[in-house]
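**Student:** Contents of input-v4.cif (mmCIF, C-alpha atoms and all ligand atoms) are given next:
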data_work
loop_
_atom_site.label_atom_id
_atom_site.label_comp_id
_atom_site.auth_asym_id
_atom_site.auth_seq_id
_atom_site.Cartn_x
_atom_site.Cartn_y
_atom_site.Cartn_z
CA MET A 1 23.22 19.46 19.44
CA VAL A 2 23.40 16.38 17.21
CA GLY A 3 26.48 14.18 17.06
CA LEU A 4 28.49 14.03 13.84
CA GLN A 5 30.96 11.35 12.83
CA ARG A 6 32.81 11.86 9.52
CA PHE A 7 34.99 9.45 7.64
CA SER A 8 37.24 9.64 4.59
CA GLU A 9 37.45 5.84 4.41
CA GLU A 10 34.28 3.79 3.79
CA LYS A 11 35.68 0.76 5.66
CA ALA A 12 36.29 2.88 8.75
CA LEU A 13 32.81 4.36 8.49
CA VAL A 14 30.99 1.02 8.37
CA HIS A 15 33.20 -0.41 11.13
CA GLU A 16 32.45 2.50 13.47
CA PHE A 17 28.79 2.30 12.43
CA GLY A 18 28.81 -1.36 13.49
CA LYS A 19 30.52 -0.49 16.80
CA TYR A 20 27.91 2.21 17.45
CA ILE A 21 25.08 -0.29 16.88
CA VAL A 22 26.75 -2.84 19.20
CA GLU A 23 27.04 -0.15 21.90
CA LYS A 24 23.30 0.62 21.66
CA GLN A 25 22.50 -3.11 21.59
CA ASP A 26 24.58 -3.74 24.71
CA SER A 27 23.03 -0.86 26.66
CA ALA A 28 19.54 -2.10 25.72
CA LEU A 29 20.27 -5.72 26.67
CA ALA A 30 22.45 -4.89 29.71
CA GLY A 31 23.59 -8.50 29.83
CA ASN A 32 20.00 -9.73 30.34
CA ALA A 33 19.42 -12.84 28.24
CA ASN A 34 15.67 -12.18 28.34
CA ALA A 35 15.89 -8.56 27.14
CA VAL A 36 15.19 -7.53 23.55
CA PHE A 37 16.80 -4.91 21.31
CA ASN A 38 14.09 -2.99 19.46
CA ILE A 39 15.63 -1.49 16.34
CA ALA A 40 13.98 0.23 13.38
CA ILE A 41 15.86 0.30 10.10
CA SER A 42 15.50 2.21 6.87
CA GLY A 43 15.86 0.96 3.33
CA GLY A 44 17.93 2.14 0.39
CA SER A 45 21.63 2.67 1.08
CA MET A 46 21.23 1.51 4.71
CA ASN A 47 21.17 -2.14 3.64
CA GLU A 48 24.74 -2.17 2.29
CA ALA A 49 26.03 -0.46 5.43
CA LEU A 50 24.26 -3.00 7.64
CA TYR A 51 25.75 -5.91 5.71
CA GLU A 52 29.26 -4.41 5.65
CA GLY A 53 29.12 -3.15 9.23
CA LEU A 54 27.46 -6.10 10.96
CA VAL A 55 27.58 -9.30 8.92
CA ASN A 56 30.76 -8.88 6.89
CA ASP A 57 32.85 -7.25 9.63
CA LYS A 58 34.53 -10.16 11.40
CA GLU A 59 35.37 -8.02 14.46
CA ILE A 60 31.78 -6.83 14.91
CA PHE A 61 29.80 -9.94 13.85
CA PRO A 62 30.53 -12.03 16.99
CA HIS A 63 29.14 -9.28 19.21
CA ILE A 64 25.71 -9.11 17.57
CA LYS A 65 23.11 -10.94 19.66
CA TRP A 66 20.76 -11.53 16.72
CA PRO A 67 18.17 -13.70 18.53
CA GLN A 68 17.47 -10.78 20.89
CA TRP A 69 16.95 -8.32 18.04
CA ARG A 70 13.43 -7.20 17.13
CA ILE A 71 13.67 -5.50 13.73
CA PHE A 72 11.06 -3.13 12.31
CA PHE A 73 11.05 -0.95 9.18
CA CYS A 74 10.85 2.84 9.51
CA ASP A 75 8.96 2.84 6.25
CA GLU A 76 7.92 0.29 3.69
CA ARG A 77 6.81 0.38 0.11
CA LEU A 78 3.38 -1.23 -0.45
CA VAL A 79 4.61 -3.84 -2.91
CA PRO A 80 5.07 -7.63 -2.65
CA PHE A 81 8.20 -8.66 -0.75
CA GLU A 82 9.66 -10.15 -3.95
CA ASP A 83 9.44 -6.73 -5.60
CA LEU A 84 12.88 -5.07 -5.86
CA GLN A 85 11.35 -1.94 -4.31
CA SER A 86 10.40 -3.70 -1.07
CA ASN A 87 12.49 -2.47 1.88
CA TYR A 88 12.01 -5.83 3.60
CA GLY A 89 12.91 -7.65 0.38
CA GLN A 90 16.09 -5.58 0.01
CA PHE A 91 17.02 -6.17 3.67
CA LYS A 92 16.40 -9.93 3.38
CA LYS A 93 18.66 -10.13 0.33
CA ALA A 94 21.40 -7.90 1.76
CA VAL A 95 21.49 -9.04 5.39
CA LEU A 96 19.17 -11.88 6.43
CA ASP A 97 20.05 -14.37 3.70
CA PRO A 98 23.85 -13.95 4.08
CA LEU A 99 23.46 -14.07 7.88
CA VAL A 100 21.74 -17.46 8.01
CA HIS A 101 24.89 -19.41 7.11
CA GLU A 102 27.61 -16.91 8.10
CA ASP A 103 30.84 -18.58 9.28
CA GLY A 104 29.57 -21.89 7.87
CA GLN A 105 27.10 -22.36 10.70
CA LEU A 106 23.34 -21.94 10.93
CA ASN A 107 22.66 -18.66 12.74
CA LEU A 108 19.48 -17.99 14.63
CA GLY A 109 18.47 -14.67 13.15
CA PRO A 110 16.53 -11.71 14.49
CA THR A 111 12.74 -11.45 14.72
CA VAL A 112 11.68 -9.26 11.79
CA TYR A 113 8.30 -7.50 11.73
CA THR A 114 6.98 -6.92 8.23
CA ILE A 115 3.81 -5.37 6.88
CA ASN A 116 0.86 -7.66 6.15
CA GLU A 117 1.76 -8.60 2.58
CA SER A 118 -1.65 -10.19 1.97
CA LEU A 119 -3.22 -6.70 2.06
CA VAL A 120 -0.87 -5.20 -0.56
CA GLY A 121 -2.69 -4.03 -3.68
CA GLY A 122 -6.04 -3.93 -1.91
CA GLY A 123 -6.63 -0.22 -2.38
CA GLU A 124 -7.13 2.65 0.08
CA LYS A 125 -8.90 0.69 2.81
CA ALA A 126 -6.27 -2.05 2.75
CA ASN A 127 -3.40 0.49 2.78
CA LYS A 128 -4.83 2.17 5.87
CA LYS A 129 -5.24 -1.26 7.50
CA ILE A 130 -1.59 -2.10 6.74
CA ALA A 131 -0.55 1.10 8.54
CA GLU A 132 -2.87 0.46 11.51
CA GLU A 133 -1.75 -3.17 11.89
CA TYR A 134 1.92 -2.23 11.72
CA ALA A 135 1.47 0.52 14.30
CA SER A 136 -0.04 -2.03 16.69
CA LEU A 137 3.20 -4.07 16.58
CA LEU A 138 5.55 -1.26 17.59
CA PRO A 139 7.27 -1.08 20.99
CA ALA A 140 6.60 1.95 23.19
CA ALA A 141 10.02 3.34 22.22
CA PHE A 142 12.80 2.09 19.99
CA ASP A 143 16.23 1.49 21.45
CA LEU A 144 17.69 2.59 18.14
CA MET A 145 16.34 3.98 14.86
CA LEU A 146 18.57 3.90 11.78
CA LEU A 147 17.49 6.60 9.35
CA GLY A 148 18.48 7.55 5.85
CA CYS A 149 18.27 11.02 4.35
CA GLY A 150 17.19 11.35 0.73
CA ASP A 151 18.73 14.03 -1.49
CA ASP A 152 15.53 16.03 -0.92
CA GLY A 153 15.84 15.83 2.86
CA HIS A 154 13.21 13.15 3.34
CA THR A 155 13.60 10.50 6.00
CA CYS A 156 11.47 7.38 6.43
CA SER A 157 8.76 8.30 3.90
CA LEU A 158 8.31 11.77 5.38
CA PHE A 159 8.84 14.14 2.48
CA PRO A 160 9.33 17.95 2.35
CA GLY A 161 6.56 20.12 0.90
CA VAL A 162 3.06 21.20 1.95
CA GLU A 163 1.53 18.26 0.09
CA PHE A 164 3.16 16.01 2.69
CA ASN A 165 2.14 17.97 5.78
CA TYR A 166 -0.49 15.27 6.45
CA LEU A 167 2.45 12.97 7.19
CA VAL A 168 5.02 15.32 8.73
CA GLU A 169 2.62 17.15 11.06
CA GLU A 170 1.01 13.96 12.40
CA MET A 171 1.94 13.48 16.05
CA SER A 172 -0.76 11.10 17.33
CA SER A 173 -0.72 8.17 14.88
CA LYS A 174 2.51 6.14 14.85
CA VAL A 175 2.25 4.88 11.25
CA LEU A 176 0.52 6.46 8.27
CA TRP A 177 -0.18 5.52 4.67
CA CYS A 178 1.70 7.79 2.27
CA HIS A 179 -0.32 7.89 -0.97
CA ASN A 180 1.70 10.39 -2.99
CA SER A 181 5.39 9.63 -2.61
CA PRO A 182 7.39 11.68 -5.13
CA LYS A 183 9.86 8.80 -5.19
CA PRO A 184 8.28 5.62 -6.63
CA PRO A 185 6.41 3.64 -5.58
CA LYS A 186 3.85 6.24 -4.57
CA ASP A 187 2.17 4.02 -1.96
CA ARG A 188 4.10 3.44 1.26
CA ILE A 189 3.67 3.37 4.99
CA THR A 190 5.87 5.49 7.21
CA PHE A 191 6.63 6.04 10.84
CA THR A 192 5.62 9.51 11.93
CA LEU A 193 7.74 11.96 13.89
CA ALA A 194 5.79 10.85 16.97
CA VAL A 195 7.71 7.55 16.91
CA ILE A 196 11.08 9.18 16.25
CA ALA A 197 10.52 11.76 19.00
CA VAL A 198 10.49 9.10 21.73
CA ALA A 199 13.31 6.91 20.39
CA LYS A 200 16.21 6.37 22.79
CA ASN A 201 18.79 6.75 20.01
CA VAL A 202 18.54 7.92 16.39
CA CYS A 203 21.30 7.44 13.85
CA PHE A 204 21.39 8.93 10.34
CA LEU A 205 23.64 7.51 7.65
CA ALA A 206 24.44 9.58 4.55
CA ARG A 207 27.10 8.66 2.05
CA GLY A 208 28.21 9.70 -1.42
CA PRO A 209 28.39 12.90 -3.48
CA SER A 210 24.65 12.90 -4.22
CA LYS A 211 24.06 13.90 -0.56
CA LYS A 212 26.54 16.83 -0.62
CA ALA A 213 23.97 19.58 -1.17
CA ILE A 214 21.31 18.22 1.15
CA MET A 215 23.82 17.70 3.97
CA HIS A 216 24.64 21.42 3.74
CA ASP A 217 20.92 22.27 3.87
CA VAL A 218 20.35 19.93 6.81
CA LEU A 219 23.45 20.46 8.96
CA ILE A 220 24.48 24.04 8.11
CA VAL A 221 21.38 25.90 6.82
CA LYS A 222 19.15 23.77 9.08
CA ASN A 223 16.16 24.31 6.78
CA SER A 224 13.22 23.35 9.02
CA GLU A 225 11.09 22.49 5.98
CA LEU A 226 13.20 19.31 5.70
CA PRO A 227 11.98 16.33 7.73
CA ALA A 228 15.58 15.35 8.56
CA VAL A 229 16.04 18.77 10.19
CA LEU A 230 12.83 18.33 12.17
CA VAL A 231 14.27 15.09 13.55
CA ASN A 232 17.47 16.87 14.57
CA GLU A 233 15.45 19.63 16.26
CA MET A 234 13.10 17.15 17.96
CA VAL A 235 15.58 14.54 19.15
CA GLY A 236 18.72 16.67 19.57
CA ALA A 237 21.61 15.06 21.45
CA LYS A 238 20.19 11.57 20.94
CA VAL A 239 20.89 11.94 17.18
CA THR A 240 24.18 10.84 15.64
CA TRP A 241 25.04 11.39 11.96
CA PHE A 242 27.47 9.13 10.13
CA LEU A 243 28.78 10.88 7.01
CA ASP A 244 31.51 10.11 4.56
CA ASP A 245 33.59 13.05 3.27
CA LYS A 246 31.77 12.97 -0.08
CA ALA A 247 28.40 13.62 1.54
CA GLY A 248 29.95 16.05 4.01
CA ALA A 249 32.00 18.02 1.46
CA LEU A 250 30.09 21.25 2.29
CA VAL A 251 30.00 20.63 6.03
CA PRO A 252 33.03 21.89 8.02
CA LYS A 253 34.80 19.04 9.81
CA ASN A 254 34.45 20.83 13.17
CA CYS A 255 30.69 21.30 12.68
O1 LIG B 301 12.76 5.86 -0.29
C1 LIG B 301 13.52 5.76 0.67
O2 LIG B 301 14.61 6.60 0.75
C2 LIG B 301 15.28 6.84 2.00
C3 LIG B 301 16.69 7.32 1.69
O3 LIG B 301 17.34 6.30 0.96
P1 LIG B 301 18.90 6.45 0.59
O4 LIG B 301 19.19 5.28 -0.33
O5 LIG B 301 19.07 7.80 -0.07
O6 LIG B 301 19.67 6.35 1.89
C4 LIG B 301 15.30 5.58 2.88
O7 LIG B 301 15.86 5.90 4.16
C5 LIG B 301 13.88 5.03 3.02
O8 LIG B 301 13.85 3.91 3.88
C6 LIG B 301 13.40 4.64 1.64
O9 LIG B 301 12.08 4.12 1.67
#
Any chance you could put this one into structure tokens?
Ligand SMILES: O=C1O[C@H](COP(=O)(O)O)[C@@H](O)[C@H](O)[C@H]1O
**Tutor:**
Amino acid sequence: MVGLQRFSEEKALVHEFGKYIVEKQDSALAGNANAVFNIAISGGSMNEALYEGLVNDKEIFPHIKWPQWRIFFCDERLVPFEDLQSNYGQFKKAVLDPLVHEDGQLNLGPTVYTINESLVGGGEKANKKIAEEYASLLPAAFDLMLLGCGDDGHTCSLFPGVEFNYLVEEMSSKVLWCHNSPKPPKDRITFTLAVIAVAKNVCFLARGPSKKAIMHDVLIVKNSELPAVLVNEMVGAKVTWFLDDKAGALVPKNC
């Protein structure tokens, strides 16, 4: 049974989201200055929530032990980092750049693992190499994975539909090249369900009215053709959903 946290106020949602992340950080680090917090983040709407919940929240910010964070991307678009479609580029702009001089002091930031940008645009062989190289960087299991859910039920770059079974059904490789994303750009890399299945904690974030219908399909209908539902089924009690009331309008509050 997945966990569900619903909020009518956006500020409350991002604050509790930040508290949840600090809790998972603290249990991973357990007060050990030499421990690391392996976290995988998604792109899109996640970036604003990370900025609001971690960097801009003055109650949460002091508790983040950034130098012990090891940040990876659950999926990445195969574009240069300067491209507005780059998940790393969006994260750098939304979180890393504001973090560096937060509170008027230089902050030692997290270690961020990106794809090998020099291979971008190199064609099929290069795209497969990007996926293989990224897979070789991953920890055995993430302490926390922060996932989004598209309005089609995709998560990471795992999309619904038989044409994406080569991604969704993969359970041996950790990272694959997605060559036919229905959401541009078409070329991406994505974690597979094999990585999500062994994560210690998984957290979905879905906000706004555009997610109303898909949240009903995922949390009420539980349509197993949707990758987000497969994550719920695979990871179960280790999954927590953060929803605002707009996204959860068709999901009973006591669900
Ligand atoms: O294309 C992508 O979409 C999903 C969902 O994004 P959202 O803005 O609807 O939350 C995102 O999680 C993924 O990282 C991204 O590549």
**Student:** Which residues are near ligand LIG 301 (chain B) in this structure, taking near to mean any atom at most 7 Å from a ligand atom and counting all atoms listed in the file? Format them as number ranges by chain.
**Tutor:** A: 42-46, 74-77, 87, 147-151, 154-157, 183, 206
**Student:** Under the rule of at most 7 Å, produce a per-residue listing of stretch 162-221 of chain A near stretch 235-247 of chain A: chain, number, name, the closest pair of atoms, and the distance in Å, as JSON lines, using all atoms listed in the file.
**Tutor:**
{"residue": "A:Ala197", "atom": "CA", "partner": "A:Val235", "partner_atom": "CA", "distance": 5.8}
{"residue": "A:Lys200", "atom": "CA", "partner": "A:Lys238", "partner_atom": "CA", "distance": 6.8}
{"residue": "A:Asn201", "atom": "CA", "partner": "A:Lys238", "partner_atom": "CA", "distance": 5.1}
{"residue": "A:Val202", "atom": "CA", "partner": "A:Val239", "partner_atom": "CA", "distance": 4.7}
{"residue": "A:Cys203", "atom": "CA", "partner": "A:Thr240", "partner_atom": "CA", "distance": 4.8}
{"residue": "A:Phe204", "atom": "CA", "partner": "A:Trp241", "partner_atom": "CA", "distance": 4.7}
{"residue": "A:Leu205", "atom": "CA", "partner": "A:Phe242", "partner_atom": "CA", "distance": 4.8}
{"residue": "A:Ala206", "atom": "CA", "partner": "A:Leu243", "partner_atom": "CA", "distance": 5.2}
{"residue": "A:Arg207", "atom": "CA", "partner": "A:Ala247", "partner_atom": "CA", "distance": 5.2}
{"residue": "A:Gly208", "atom": "CA", "partner": "A:Ala247", "partner_atom": "CA", "distance": 4.9}
{"residue": "A:Pro209", "atom": "CA", "partner": "A:Lys246", "partner_atom": "CA", "distance": 4.8}
{"residue": "A:Ser210", "atom": "CA", "partner": "A:Ala247", "partner_atom": "CA", "distance": 6.9}
{"residue": "A:Lys211", "atom": "CA", "partner": "A:Ala247", "partner_atom": "CA", "distance": 4.8}
{"residue": "A:Lys212", "atom": "CA", "partner": "A:Ala247", "partner_atom": "CA", "distance": 4.3}
{"residue": "A:Met215", "atom": "CA", "partner": "A:Ala247", "partner_atom": "CA", "distance": 6.6}
**Student:** So that I have them on file, write out the residues from the current selection with C-alpha atoms, as an mmCIF file, in the coordinates of the input.
**Tutor:**
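What ended up in result.cif:
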data_model
loop_
_atom_site.group_PDB
_atom_site.id
_atom_site.type_symbol
_atom_site.label_atom_id
_atom_site.label_comp_id
_atom_site.auth_asym_id
_atom_site.auth_seq_id
_atom_site.Cartn_x
_atom_site.Cartn_y
_atom_site.Cartn_z
ATOM 1 C CA ALA A 197 10.520 11.760 19.000
ATOM 2 C CA LYS A 200 16.210 6.370 22.790
ATOM 3 C CA ASN A 201 18.790 6.750 20.010
ATOM 4 C CA VAL A 202 18.540 7.920 16.390
ATOM 5 C CA CYS A 203 21.300 7.440 13.850
ATOM 6 C CA PHE A 204 21.390 8.930 10.340
ATOM 7 C CA LEU A 205 23.640 7.510 7.650
ATOM 8 C CA ALA A 206 24.440 9.580 4.550
ATOM 9 C CA ARG A 207 27.100 8.660 2.050
ATOM 10 C CA GLY A 208 28.210 9.700 -1.420
ATOM 11 C CA PRO A 209 28.390 12.900 -3.480
ATOM 12 C CA SER A 210 24.650 12.900 -4.220
ATOM 13 C CA LYS A 211 24.060 13.900 -0.560
ATOM 14 C CA LYS A 212 26.540 16.830 -0.620
ATOM 15 C CA MET A 215 23.820 17.700 3.970
#
**Student:** So how far away is atom CA of A:Ala194 from atom CA of A:Val231, in Å?
**Tutor:**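 Atom CA of A:Val231 sits 10.1 Å away from atom CA of A:Ala194.
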**Student:** Using only C-alpha atoms, which of A:Gly53, A:Pro160, A:Gly31, A:Pro110 sits nearest A:Asn180?
**Tutor:** A:Pro160
**Student:** If we count all atoms listed in the file, what is near A:Asn165 at a cut-off of 12 Å, once residues fewer than 3 positions away on the same chain are taken out, given as number ranges by chain?
**Tutor:** A: 157-162, 168-171, 176, 178, 180, 192-193, 225-227
